[in-house]
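protein24.cif follows (mmCIF, N, CA, C and O atoms):
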data_data
loop_
_atom_site.label_atom_id
_atom_site.label_comp_id
_atom_site.auth_asym_id
_atom_site.auth_seq_id
_atom_site.Cartn_x
_atom_site.Cartn_y
_atom_site.Cartn_z
N MET A 15 132.09 -119.21 48.95
CA MET A 15 132.92 -120.30 48.48
C MET A 15 134.39 -120.01 48.73
O MET A 15 134.85 -118.90 48.55
N GLN A 16 135.08 -121.03 49.14
CA GLN A 16 136.49 -120.89 49.40
C GLN A 16 137.28 -121.29 48.16
O GLN A 16 136.87 -122.15 47.39
N ARG A 17 138.39 -120.64 48.01
CA ARG A 17 139.27 -121.01 46.90
C ARG A 17 140.00 -122.30 47.22
O ARG A 17 140.37 -122.55 48.37
N GLU A 18 140.19 -123.10 46.20
CA GLU A 18 140.93 -124.33 46.40
C GLU A 18 142.42 -124.04 46.46
O GLU A 18 142.93 -123.18 45.74
N ALA A 19 143.11 -124.74 47.31
CA ALA A 19 144.55 -124.54 47.43
C ALA A 19 145.24 -125.12 46.22
O ALA A 19 144.91 -126.20 45.73
N ARG A 20 146.21 -124.37 45.73
CA ARG A 20 146.97 -124.85 44.58
C ARG A 20 148.07 -125.80 45.03
O ARG A 20 148.60 -125.69 46.13
N ASN A 21 148.39 -126.71 44.16
CA ASN A 21 149.47 -127.64 44.44
C ASN A 21 150.80 -126.92 44.23
O ASN A 21 151.18 -126.60 43.12
N ILE A 22 151.50 -126.66 45.31
CA ILE A 22 152.74 -125.90 45.23
C ILE A 22 153.84 -126.73 44.57
O ILE A 22 154.73 -126.20 43.92
N GLN A 23 153.78 -128.04 44.68
CA GLN A 23 154.81 -128.90 44.15
C GLN A 23 154.73 -129.04 42.63
O GLN A 23 155.66 -129.51 42.00
N GLY A 24 153.61 -128.69 42.00
CA GLY A 24 153.44 -128.85 40.56
C GLY A 24 154.30 -127.89 39.76
O GLY A 24 154.83 -126.91 40.29
N PRO A 25 154.45 -128.15 38.47
CA PRO A 25 155.27 -127.28 37.64
C PRO A 25 154.60 -125.92 37.44
O PRO A 25 153.38 -125.81 37.39
N SER A 26 155.42 -124.89 37.33
CA SER A 26 154.89 -123.55 37.12
C SER A 26 154.47 -123.38 35.66
O SER A 26 154.71 -124.25 34.81
N GLY A 27 153.85 -122.24 35.38
CA GLY A 27 153.39 -121.98 34.01
C GLY A 27 154.54 -121.92 33.02
O GLY A 27 154.42 -122.40 31.90
N ALA A 28 155.66 -121.35 33.43
CA ALA A 28 156.82 -121.26 32.54
C ALA A 28 157.39 -122.64 32.24
O ALA A 28 157.78 -122.92 31.10
N GLN A 29 157.43 -123.50 33.25
CA GLN A 29 157.94 -124.85 33.02
C GLN A 29 157.03 -125.63 32.09
O GLN A 29 157.51 -126.39 31.25
N ARG A 30 155.72 -125.45 32.24
CA ARG A 30 154.79 -126.15 31.35
C ARG A 30 154.93 -125.63 29.93
O ARG A 30 154.83 -126.40 28.97
N LEU A 31 155.16 -124.33 29.78
CA LEU A 31 155.34 -123.75 28.45
C LEU A 31 156.60 -124.28 27.78
O LEU A 31 156.60 -124.64 26.60
N ILE A 32 157.68 -124.36 28.54
CA ILE A 32 158.94 -124.90 28.00
C ILE A 32 158.77 -126.36 27.62
O ILE A 32 159.23 -126.80 26.56
N ARG A 33 158.08 -127.12 28.47
CA ARG A 33 157.84 -128.54 28.17
C ARG A 33 157.01 -128.69 26.90
O ARG A 33 157.31 -129.52 26.04
N ALA A 34 155.97 -127.88 26.75
CA ALA A 34 155.14 -127.94 25.54
C ALA A 34 155.95 -127.55 24.31
O ALA A 34 155.81 -128.17 23.25
N ALA A 35 156.81 -126.55 24.44
CA ALA A 35 157.64 -126.13 23.30
C ALA A 35 158.62 -127.24 22.91
O ALA A 35 158.83 -127.51 21.72
N LEU A 36 159.20 -127.89 23.90
CA LEU A 36 160.13 -128.98 23.60
C LEU A 36 159.42 -130.18 22.99
O LEU A 36 159.97 -130.86 22.11
N LEU A 37 158.20 -130.45 23.43
CA LEU A 37 157.43 -131.53 22.81
C LEU A 37 157.08 -131.18 21.36
O LEU A 37 157.10 -132.05 20.48
N GLY A 38 156.76 -129.92 21.10
CA GLY A 38 156.50 -129.50 19.73
C GLY A 38 157.74 -129.61 18.86
O GLY A 38 157.67 -130.05 17.71
N LEU A 39 158.88 -129.21 19.41
CA LEU A 39 160.15 -129.35 18.69
C LEU A 39 160.44 -130.81 18.40
O LEU A 39 160.85 -131.17 17.28
N SER A 40 160.21 -131.65 19.39
CA SER A 40 160.43 -133.09 19.21
C SER A 40 159.53 -133.65 18.11
O SER A 40 159.98 -134.43 17.27
N GLY A 41 158.27 -133.27 18.13
CA GLY A 41 157.35 -133.72 17.08
C GLY A 41 157.78 -133.25 15.71
O GLY A 41 157.71 -134.00 14.73
N GLY A 42 158.23 -132.01 15.61
CA GLY A 42 158.71 -131.50 14.33
C GLY A 42 159.94 -132.24 13.83
O GLY A 42 160.07 -132.53 12.64
N LEU A 43 160.85 -132.54 14.75
CA LEU A 43 162.04 -133.30 14.37
C LEU A 43 161.67 -134.70 13.89
O LEU A 43 162.24 -135.21 12.91
N LEU A 44 160.72 -135.32 14.58
CA LEU A 44 160.30 -136.67 14.19
C LEU A 44 159.63 -136.66 12.82
O LEU A 44 159.94 -137.50 11.96
N LEU A 45 158.73 -135.71 12.60
CA LEU A 45 158.07 -135.63 11.29
C LEU A 45 159.04 -135.29 10.18
O LEU A 45 159.00 -135.88 9.09
N GLY A 46 159.94 -134.35 10.44
CA GLY A 46 160.95 -134.00 9.44
C GLY A 46 161.88 -135.16 9.14
O GLY A 46 162.25 -135.39 7.98
N GLY A 47 162.26 -135.89 10.18
CA GLY A 47 163.13 -137.05 9.97
C GLY A 47 162.45 -138.13 9.16
O GLY A 47 163.06 -138.74 8.27
N LEU A 48 161.17 -138.39 9.46
CA LEU A 48 160.42 -139.38 8.68
C LEU A 48 160.31 -138.97 7.21
O LEU A 48 160.50 -139.78 6.31
N PHE A 49 159.99 -137.70 6.99
CA PHE A 49 159.85 -137.21 5.62
C PHE A 49 161.18 -137.31 4.87
O PHE A 49 161.23 -137.77 3.73
N LEU A 50 162.26 -136.87 5.51
CA LEU A 50 163.56 -136.88 4.85
C LEU A 50 164.05 -138.30 4.59
O LEU A 50 164.59 -138.60 3.52
N ALA A 51 163.82 -139.21 5.53
CA ALA A 51 164.23 -140.60 5.32
C ALA A 51 163.39 -141.24 4.21
O ALA A 51 163.92 -141.99 3.38
N GLY A 52 162.10 -140.93 4.17
CA GLY A 52 161.25 -141.44 3.09
C GLY A 52 161.67 -140.91 1.74
O GLY A 52 161.72 -141.65 0.74
N THR A 53 161.99 -139.62 1.68
CA THR A 53 162.46 -139.03 0.43
C THR A 53 163.78 -139.66 0.00
O THR A 53 164.00 -139.91 -1.19
N GLY A 54 164.64 -139.94 0.97
CA GLY A 54 165.91 -140.58 0.64
C GLY A 54 165.72 -141.98 0.09
O GLY A 54 166.40 -142.39 -0.85
N LEU A 55 164.78 -142.73 0.67
CA LEU A 55 164.49 -144.06 0.14
C LEU A 55 163.97 -144.00 -1.29
O LEU A 55 164.40 -144.77 -2.15
N VAL A 56 163.04 -143.09 -1.52
CA VAL A 56 162.48 -142.95 -2.87
C VAL A 56 163.56 -142.53 -3.85
O VAL A 56 163.65 -143.05 -4.97
N THR A 57 164.42 -141.60 -3.44
CA THR A 57 165.49 -141.12 -4.33
C THR A 57 166.47 -142.25 -4.66
O THR A 57 166.92 -142.36 -5.80
N ARG A 58 166.79 -143.07 -3.68
CA ARG A 58 167.74 -144.17 -3.93
C ARG A 58 167.14 -145.29 -4.77
O ARG A 58 167.83 -145.90 -5.58
N LEU A 59 165.86 -145.59 -4.57
CA LEU A 59 165.26 -146.75 -5.23
C LEU A 59 164.66 -146.43 -6.60
O LEU A 59 164.53 -147.33 -7.42
N LYS A 60 164.30 -145.18 -6.83
CA LYS A 60 163.68 -144.81 -8.10
C LYS A 60 164.76 -144.69 -9.18
O LYS A 60 165.77 -144.03 -8.97
N PRO A 61 164.55 -145.32 -10.32
CA PRO A 61 165.55 -145.21 -11.38
C PRO A 61 165.57 -143.79 -11.97
O PRO A 61 164.55 -143.11 -12.04
N ALA A 62 166.76 -143.34 -12.34
CA ALA A 62 166.90 -142.00 -12.92
C ALA A 62 166.32 -141.99 -14.32
O ALA A 62 166.41 -142.96 -15.08
N ASP A 63 165.71 -140.87 -14.67
CA ASP A 63 165.13 -140.71 -16.01
C ASP A 63 166.25 -140.28 -16.96
O ASP A 63 166.78 -139.18 -16.87
N CYS A 64 166.62 -141.17 -17.86
CA CYS A 64 167.76 -140.92 -18.75
C CYS A 64 167.33 -140.63 -20.19
O CYS A 64 168.13 -140.82 -21.11
N THR A 65 166.10 -140.20 -20.40
CA THR A 65 165.68 -139.88 -21.76
C THR A 65 166.44 -138.65 -22.23
O THR A 65 166.65 -137.70 -21.49
N GLU A 66 166.89 -138.70 -23.45
CA GLU A 66 167.63 -137.62 -24.11
C GLU A 66 168.94 -137.28 -23.41
O GLU A 66 169.41 -136.16 -23.47
N LEU A 67 169.54 -138.26 -22.74
CA LEU A 67 170.84 -138.06 -22.12
C LEU A 67 171.83 -139.06 -22.70
O LEU A 67 171.47 -140.18 -23.07
N SER A 68 173.08 -138.63 -22.75
CA SER A 68 174.11 -139.56 -23.22
C SER A 68 174.39 -140.57 -22.11
O SER A 68 173.92 -140.44 -20.98
N GLU A 69 175.18 -141.59 -22.45
CA GLU A 69 175.49 -142.63 -21.47
C GLU A 69 176.27 -142.06 -20.28
O GLU A 69 176.00 -142.42 -19.13
N GLU A 70 177.21 -141.16 -20.54
CA GLU A 70 177.98 -140.53 -19.47
C GLU A 70 177.09 -139.70 -18.56
O GLU A 70 177.19 -139.77 -17.33
N GLU A 71 176.22 -138.91 -19.17
CA GLU A 71 175.31 -138.07 -18.39
C GLU A 71 174.35 -138.92 -17.55
O GLU A 71 174.04 -138.59 -16.41
N CYS A 72 173.89 -140.02 -18.13
CA CYS A 72 172.98 -140.91 -17.41
C CYS A 72 173.68 -141.56 -16.21
O CYS A 72 173.11 -141.62 -15.11
N THR A 73 174.91 -142.00 -16.41
CA THR A 73 175.67 -142.59 -15.31
C THR A 73 175.91 -141.58 -14.21
O THR A 73 175.76 -141.88 -13.02
N PHE A 74 176.25 -140.35 -14.61
CA PHE A 74 176.46 -139.28 -13.64
C PHE A 74 175.17 -138.99 -12.87
O PHE A 74 175.18 -138.83 -11.65
N MET A 75 174.05 -138.96 -13.58
CA MET A 75 172.76 -138.70 -12.95
C MET A 75 172.40 -139.81 -11.95
O MET A 75 171.92 -139.53 -10.86
N GLN A 76 172.66 -141.05 -12.31
CA GLN A 76 172.35 -142.17 -11.42
C GLN A 76 173.24 -142.15 -10.18
O GLN A 76 172.76 -142.37 -9.06
N ASP A 77 174.53 -141.88 -10.37
CA ASP A 77 175.44 -141.80 -9.22
C ASP A 77 175.07 -140.66 -8.29
O ASP A 77 175.10 -140.80 -7.07
N THR A 78 174.72 -139.53 -8.87
CA THR A 78 174.33 -138.37 -8.06
C THR A 78 173.06 -138.66 -7.27
O THR A 78 172.97 -138.34 -6.08
N ALA A 79 172.08 -139.28 -7.90
CA ALA A 79 170.82 -139.61 -7.21
C ALA A 79 171.07 -140.61 -6.09
O ALA A 79 170.49 -140.49 -5.01
N ARG A 80 171.93 -141.58 -6.32
CA ARG A 80 172.23 -142.57 -5.29
C ARG A 80 172.90 -141.93 -4.08
O ARG A 80 172.53 -142.18 -2.94
N GLU A 81 173.88 -141.06 -4.35
CA GLU A 81 174.57 -140.40 -3.24
C GLU A 81 173.66 -139.42 -2.51
O GLU A 81 173.70 -139.32 -1.28
N MET A 82 172.83 -138.72 -3.24
CA MET A 82 171.90 -137.78 -2.60
C MET A 82 170.90 -138.54 -1.73
O MET A 82 170.56 -138.09 -0.63
N GLY A 83 170.42 -139.67 -2.20
CA GLY A 83 169.53 -140.50 -1.39
C GLY A 83 170.20 -140.99 -0.12
O GLY A 83 169.58 -141.05 0.94
N HIS A 84 171.49 -141.32 -0.24
CA HIS A 84 172.24 -141.77 0.93
C HIS A 84 172.33 -140.66 1.97
O HIS A 84 172.11 -140.88 3.17
N VAL A 85 172.64 -139.45 1.53
CA VAL A 85 172.74 -138.30 2.44
C VAL A 85 171.38 -138.01 3.08
O VAL A 85 171.28 -137.73 4.27
N GLN A 86 170.32 -138.09 2.29
CA GLN A 86 168.98 -137.85 2.82
C GLN A 86 168.60 -138.89 3.86
O GLN A 86 168.00 -138.57 4.89
N LEU A 87 168.92 -140.15 3.60
CA LEU A 87 168.64 -141.20 4.58
C LEU A 87 169.39 -140.98 5.89
O LEU A 87 168.81 -141.11 6.97
N LEU A 88 170.66 -140.66 5.81
CA LEU A 88 171.44 -140.42 7.02
C LEU A 88 170.94 -139.20 7.78
O LEU A 88 170.84 -139.22 9.01
N SER A 89 170.60 -138.14 7.06
CA SER A 89 170.08 -136.94 7.71
C SER A 89 168.73 -137.21 8.36
O SER A 89 168.46 -136.74 9.48
N GLY A 90 167.87 -137.95 7.69
CA GLY A 90 166.58 -138.30 8.25
C GLY A 90 166.71 -139.16 9.50
O GLY A 90 166.01 -138.94 10.49
N ALA A 91 167.61 -140.12 9.46
CA ALA A 91 167.84 -140.97 10.63
C ALA A 91 168.39 -140.14 11.79
O ALA A 91 168.02 -140.36 12.95
N SER A 92 169.25 -139.19 11.50
CA SER A 92 169.78 -138.32 12.54
C SER A 92 168.69 -137.47 13.17
O SER A 92 168.64 -137.30 14.39
N LEU A 93 167.81 -136.92 12.35
CA LEU A 93 166.69 -136.13 12.88
C LEU A 93 165.76 -136.99 13.72
O LEU A 93 165.27 -136.55 14.76
N LEU A 94 165.51 -138.21 13.28
CA LEU A 94 164.67 -139.11 14.07
C LEU A 94 165.30 -139.41 15.43
O LEU A 94 164.62 -139.39 16.46
N ALA A 95 166.59 -139.66 15.45
CA ALA A 95 167.27 -139.94 16.71
C ALA A 95 167.24 -138.73 17.63
O ALA A 95 167.01 -138.85 18.84
N LEU A 96 167.44 -137.54 17.08
CA LEU A 96 167.42 -136.33 17.88
C LEU A 96 166.02 -136.06 18.43
O LEU A 96 165.85 -135.68 19.59
N GLY A 97 165.00 -136.29 17.60
CA GLY A 97 163.62 -136.11 18.06
C GLY A 97 163.25 -137.10 19.15
O GLY A 97 162.60 -136.74 20.13
N LEU A 98 163.66 -138.35 19.00
CA LEU A 98 163.39 -139.35 20.04
C LEU A 98 164.11 -139.02 21.34
O LEU A 98 163.54 -139.16 22.42
N ALA A 99 165.34 -138.57 21.24
CA ALA A 99 166.09 -138.22 22.45
C ALA A 99 165.43 -137.04 23.17
O ALA A 99 165.31 -137.04 24.40
N THR A 100 164.97 -136.05 22.41
CA THR A 100 164.29 -134.91 23.02
C THR A 100 163.00 -135.35 23.69
O THR A 100 162.69 -134.93 24.81
N ALA A 101 162.24 -136.21 23.04
CA ALA A 101 160.98 -136.69 23.62
C ALA A 101 161.22 -137.48 24.89
O ALA A 101 160.51 -137.33 25.88
N VAL A 102 162.26 -138.31 24.91
CA VAL A 102 162.56 -139.10 26.10
C VAL A 102 162.96 -138.19 27.25
O VAL A 102 162.53 -138.38 28.39
N LEU A 103 163.76 -137.17 26.97
CA LEU A 103 164.17 -136.25 28.03
C LEU A 103 163.00 -135.46 28.60
O LEU A 103 162.93 -135.21 29.80
N VAL A 104 162.07 -135.08 27.74
CA VAL A 104 160.93 -134.27 28.20
C VAL A 104 159.89 -135.13 28.90
O VAL A 104 159.30 -134.70 29.91
N LEU A 105 159.66 -136.33 28.43
CA LEU A 105 158.58 -137.15 28.95
C LEU A 105 158.96 -138.06 30.12
O LEU A 105 158.08 -138.62 30.75
N ARG A 106 160.23 -138.22 30.40
CA ARG A 106 160.62 -139.12 31.48
C ARG A 106 160.16 -138.56 32.82
O ARG A 106 160.14 -137.34 33.03
N PRO A 107 159.79 -139.44 33.74
CA PRO A 107 159.36 -138.97 35.05
C PRO A 107 160.54 -138.40 35.82
O PRO A 107 161.67 -138.90 35.73
N LYS A 108 160.27 -137.35 36.55
CA LYS A 108 161.35 -136.70 37.30
C LYS A 108 161.65 -137.53 38.54
O LYS A 108 160.77 -138.00 39.23
N SER A 109 162.94 -137.70 38.81
CA SER A 109 163.34 -138.43 40.02
C SER A 109 163.20 -137.49 41.20
O SER A 109 163.42 -136.29 41.10
N PRO A 110 162.83 -138.02 42.36
CA PRO A 110 162.69 -137.16 43.53
C PRO A 110 164.03 -136.57 43.93
O PRO A 110 165.07 -137.22 43.82
N SER A 111 164.01 -135.34 44.38
CA SER A 111 165.26 -134.69 44.77
C SER A 111 165.74 -135.28 46.10
O SER A 111 165.04 -135.98 46.81
N SER A 112 166.96 -134.97 46.45
CA SER A 112 167.55 -135.54 47.67
C SER A 112 166.83 -135.05 48.91
O SER A 112 166.72 -135.77 49.89
N ALA A 113 166.28 -133.83 48.89
CA ALA A 113 165.55 -133.30 50.04
C ALA A 113 164.25 -134.07 50.25
O ALA A 113 163.85 -134.33 51.38
N GLU A 114 163.59 -134.45 49.18
CA GLU A 114 162.34 -135.20 49.29
C GLU A 114 162.59 -136.62 49.77
O GLU A 114 161.77 -137.21 50.45
N ARG A 115 163.72 -137.21 49.39
CA ARG A 115 164.03 -138.57 49.80
C ARG A 115 164.33 -138.64 51.30
O ARG A 115 163.99 -139.61 51.95
N GLN A 116 164.98 -137.63 51.84
CA GLN A 116 165.35 -137.64 53.25
C GLN A 116 164.15 -137.34 54.14
O GLN A 116 164.07 -137.83 55.25
N GLY A 117 163.22 -136.53 53.66
CA GLY A 117 162.10 -136.11 54.48
C GLY A 117 160.96 -136.99 54.39
O GLY A 117 160.36 -137.79 54.83
#
Take the structure in this file and express it as structure tokens.
Amino acid sequence: MQREARNIQGPSGAQRLIRAALLGLSGGLLLGGLFLAGTGLVTRLKPADCTELSEEECTFMQDTAREMGHVQLLSGASLLALGLATAVLVLRPKSPSSAERQG
């Protein structure tokens, strides 16, 4: 039996490993962004528990929860955007090089 010729133009093992690592990173960023944005929504929309707190303490607790939810939402959206950008860069088809276009 003869060995089959390998496709020389295909990506090498190191390139495939880097691509897989970047896709994993992208997936992690997307999942983390979704979780953080969801947590931010819940934090902003859920009323603060003000049992056994004075009116000042309750107001402070509500303001703090609202601002923390805002920061979580922005951070989650940023992670989602970064994950999407990484996925687009890794998954986009490669354009032919100038040598391939001329030949």
Given the file shown, determine the residues that the PyMOL selection byres (((chain A and resi 52-58 and name CA) around 10) and name CA) selects; report them as a compact mmCIF listing (two decimals) with N, CA, C and O atoms, in the coordinates of the input.
# COMPACT_ATOMS: atom_id res chain seq x y z
N GLY A 46 159.94 -134.35 10.44
CA GLY A 46 160.95 -134.00 9.44
C GLY A 46 161.88 -135.16 9.14
O GLY A 46 162.25 -135.39 7.98
N GLY A 47 162.26 -135.89 10.18
CA GLY A 47 163.13 -137.05 9.97
C GLY A 47 162.45 -138.13 9.16
O GLY A 47 163.06 -138.74 8.27
N LEU A 48 161.17 -138.39 9.46
CA LEU A 48 160.42 -139.38 8.68
C LEU A 48 160.31 -138.97 7.21
O LEU A 48 160.50 -139.78 6.31
N PHE A 49 159.99 -137.70 6.99
CA PHE A 49 159.85 -137.21 5.62
C PHE A 49 161.18 -137.31 4.87
O PHE A 49 161.23 -137.77 3.73
N LEU A 50 162.26 -136.87 5.51
CA LEU A 50 163.56 -136.88 4.85
C LEU A 50 164.05 -138.30 4.59
O LEU A 50 164.59 -138.60 3.52
N ALA A 51 163.82 -139.21 5.53
CA ALA A 51 164.23 -140.60 5.32
C ALA A 51 163.39 -141.24 4.21
O ALA A 51 163.92 -141.99 3.38
N LEU A 59 165.86 -145.59 -4.57
CA LEU A 59 165.26 -146.75 -5.23
C LEU A 59 164.66 -146.43 -6.60
O LEU A 59 164.53 -147.33 -7.42
N LYS A 60 164.30 -145.18 -6.83
CA LYS A 60 163.68 -144.81 -8.10
C LYS A 60 164.76 -144.69 -9.18
O LYS A 60 165.77 -144.03 -8.97
N PRO A 61 164.55 -145.32 -10.32
CA PRO A 61 165.55 -145.21 -11.38
C PRO A 61 165.57 -143.79 -11.97
O PRO A 61 164.55 -143.11 -12.04
N ALA A 62 166.76 -143.34 -12.34
CA ALA A 62 166.90 -142.00 -12.92
C ALA A 62 166.32 -141.99 -14.32
O ALA A 62 166.41 -142.96 -15.08
N GLN A 76 172.66 -141.05 -12.31
CA GLN A 76 172.35 -142.17 -11.42
C GLN A 76 173.24 -142.15 -10.18
O GLN A 76 172.76 -142.37 -9.06
N ASP A 77 174.53 -141.88 -10.37
CA ASP A 77 175.44 -141.80 -9.22
C ASP A 77 175.07 -140.66 -8.29
O ASP A 77 175.10 -140.80 -7.07
N THR A 78 174.72 -139.53 -8.87
CA THR A 78 174.33 -138.37 -8.06
C THR A 78 173.06 -138.66 -7.27
O THR A 78 172.97 -138.34 -6.08
N ALA A 79 172.08 -139.28 -7.90
CA ALA A 79 170.82 -139.61 -7.21
C ALA A 79 171.07 -140.61 -6.09
O ALA A 79 170.49 -140.49 -5.01
N ARG A 80 171.93 -141.58 -6.32
CA ARG A 80 172.23 -142.57 -5.29
C ARG A 80 172.90 -141.93 -4.08
O ARG A 80 172.53 -142.18 -2.94
N GLU A 81 173.88 -141.06 -4.35
CA GLU A 81 174.57 -140.40 -3.24
C GLU A 81 173.66 -139.42 -2.51
O GLU A 81 173.70 -139.32 -1.28
N MET A 82 172.83 -138.72 -3.24
CA MET A 82 171.90 -137.78 -2.60
C MET A 82 170.90 -138.54 -1.73
O MET A 82 170.56 -138.09 -0.63
N GLY A 83 170.42 -139.67 -2.20
CA GLY A 83 169.53 -140.50 -1.39
C GLY A 83 170.20 -140.99 -0.12
O GLY A 83 169.58 -141.05 0.94
N HIS A 84 171.49 -141.32 -0.24
CA HIS A 84 172.24 -141.77 0.93
C HIS A 84 172.33 -140.66 1.97
O HIS A 84 172.11 -140.88 3.17
N VAL A 85 172.64 -139.45 1.53
CA VAL A 85 172.74 -138.30 2.44
C VAL A 85 171.38 -138.01 3.08
O VAL A 85 171.28 -137.73 4.27
N GLN A 86 170.32 -138.09 2.29
CA GLN A 86 168.98 -137.85 2.82
C GLN A 86 168.60 -138.89 3.86
O GLN A 86 168.00 -138.57 4.89
N LEU A 87 168.92 -140.15 3.60
CA LEU A 87 168.64 -141.20 4.58
C LEU A 87 169.39 -140.98 5.89
O LEU A 87 168.81 -141.11 6.97
N LEU A 88 170.66 -140.66 5.81
CA LEU A 88 171.44 -140.42 7.02
C LEU A 88 170.94 -139.20 7.78
O LEU A 88 170.84 -139.22 9.01
N SER A 89 170.60 -138.14 7.06
CA SER A 89 170.08 -136.94 7.71
C SER A 89 168.73 -137.21 8.36
O SER A 89 168.46 -136.74 9.48
N GLY A 90 167.87 -137.95 7.69
CA GLY A 90 166.58 -138.30 8.25
C GLY A 90 166.71 -139.16 9.50
O GLY A 90 166.01 -138.94 10.49
Run DSSP on the backbone of this structure and report the residues of chain A it assigns to helix (DSSP H, G or I), as a ChimeraX atom specification. /A:27-59,69-105,112-116
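Going from atom N of Ala101 of chain A to atom CA of Ser40 of chain A covers 5.3 Å.
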Report, as lines of an AutoDock Vina configuration file, the centre and edge lengths in Å (one decimal) of the axis-aligned box enclosing every listed atom of segment 88-103 of chain A, padded by 6 Å on each side.
center_x = 166.0
center_y = -137.9
center_z = 17.8
size_x = 22.9
size_y = 18.1
size_z = 36.0
Env of Thr100 of chain A: 6 Å cut, atoms = only N, CA, C and O atoms, seq-sep filter 5 positions within chain, self excluded. Answer as an NGL selection string. :A and (36 or 40 or 95 or 105)
For a cut-off of 8 Å around (159.7, -135.8, 15.3), file coordinates, pick out all residues using all atoms listed in the file and list them as a ChimeraX atom specification. /A:37-48,93-98
What's the separation between atom N of Ser92 of chain A and atom N of Val104 of chain A, in Å to one decimal place? 18.2 Å
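When atom N of Gln29 of chain A is paired with atom CA of Ala99 of chain A, their separation reads 20.2 Å.
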Add whatever atoms are absent from segment 52-57 of chain A to reach all heavy atoms, and provide the output as a short mmCIF file (atom, residue, chain, number, x, y, z; two decimals), keeping the file's coordinate frame.
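Now in result_9.cif:
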data_model
loop_
_atom_site.label_atom_id
_atom_site.label_comp_id
_atom_site.auth_asym_id
_atom_site.auth_seq_id
_atom_site.Cartn_x
_atom_site.Cartn_y
_atom_site.Cartn_z
N GLY A 52 162.10 -140.93 4.17
CA GLY A 52 161.25 -141.44 3.09
C GLY A 52 161.67 -140.91 1.74
O GLY A 52 161.72 -141.65 0.74
N THR A 53 161.99 -139.62 1.68
CA THR A 53 162.46 -139.03 0.43
C THR A 53 163.78 -139.66 0.00
O THR A 53 164.00 -139.91 -1.19
CB THR A 53 162.63 -137.51 0.60
OG1 THR A 53 161.41 -136.95 1.04
CG2 THR A 53 163.06 -136.85 -0.70
N GLY A 54 164.64 -139.94 0.97
CA GLY A 54 165.91 -140.58 0.64
C GLY A 54 165.72 -141.98 0.09
O GLY A 54 166.40 -142.39 -0.85
N LEU A 55 164.78 -142.73 0.67
CA LEU A 55 164.49 -144.06 0.14
C LEU A 55 163.97 -144.00 -1.29
O LEU A 55 164.40 -144.77 -2.15
CB LEU A 55 163.46 -144.76 1.03
CG LEU A 55 164.00 -145.53 2.21
CD1 LEU A 55 162.86 -146.05 3.06
CD2 LEU A 55 164.88 -146.66 1.76
N VAL A 56 163.04 -143.09 -1.52
CA VAL A 56 162.48 -142.95 -2.87
C VAL A 56 163.56 -142.53 -3.85
O VAL A 56 163.65 -143.05 -4.97
CB VAL A 56 161.30 -141.94 -2.87
CG1 VAL A 56 160.89 -141.59 -4.29
CG2 VAL A 56 160.13 -142.51 -2.10
N THR A 57 164.42 -141.60 -3.44
CA THR A 57 165.49 -141.12 -4.33
C THR A 57 166.47 -142.25 -4.66
O THR A 57 166.92 -142.36 -5.80
CB THR A 57 166.25 -139.96 -3.66
OG1 THR A 57 165.32 -138.92 -3.35
CG2 THR A 57 167.31 -139.40 -4.58
#
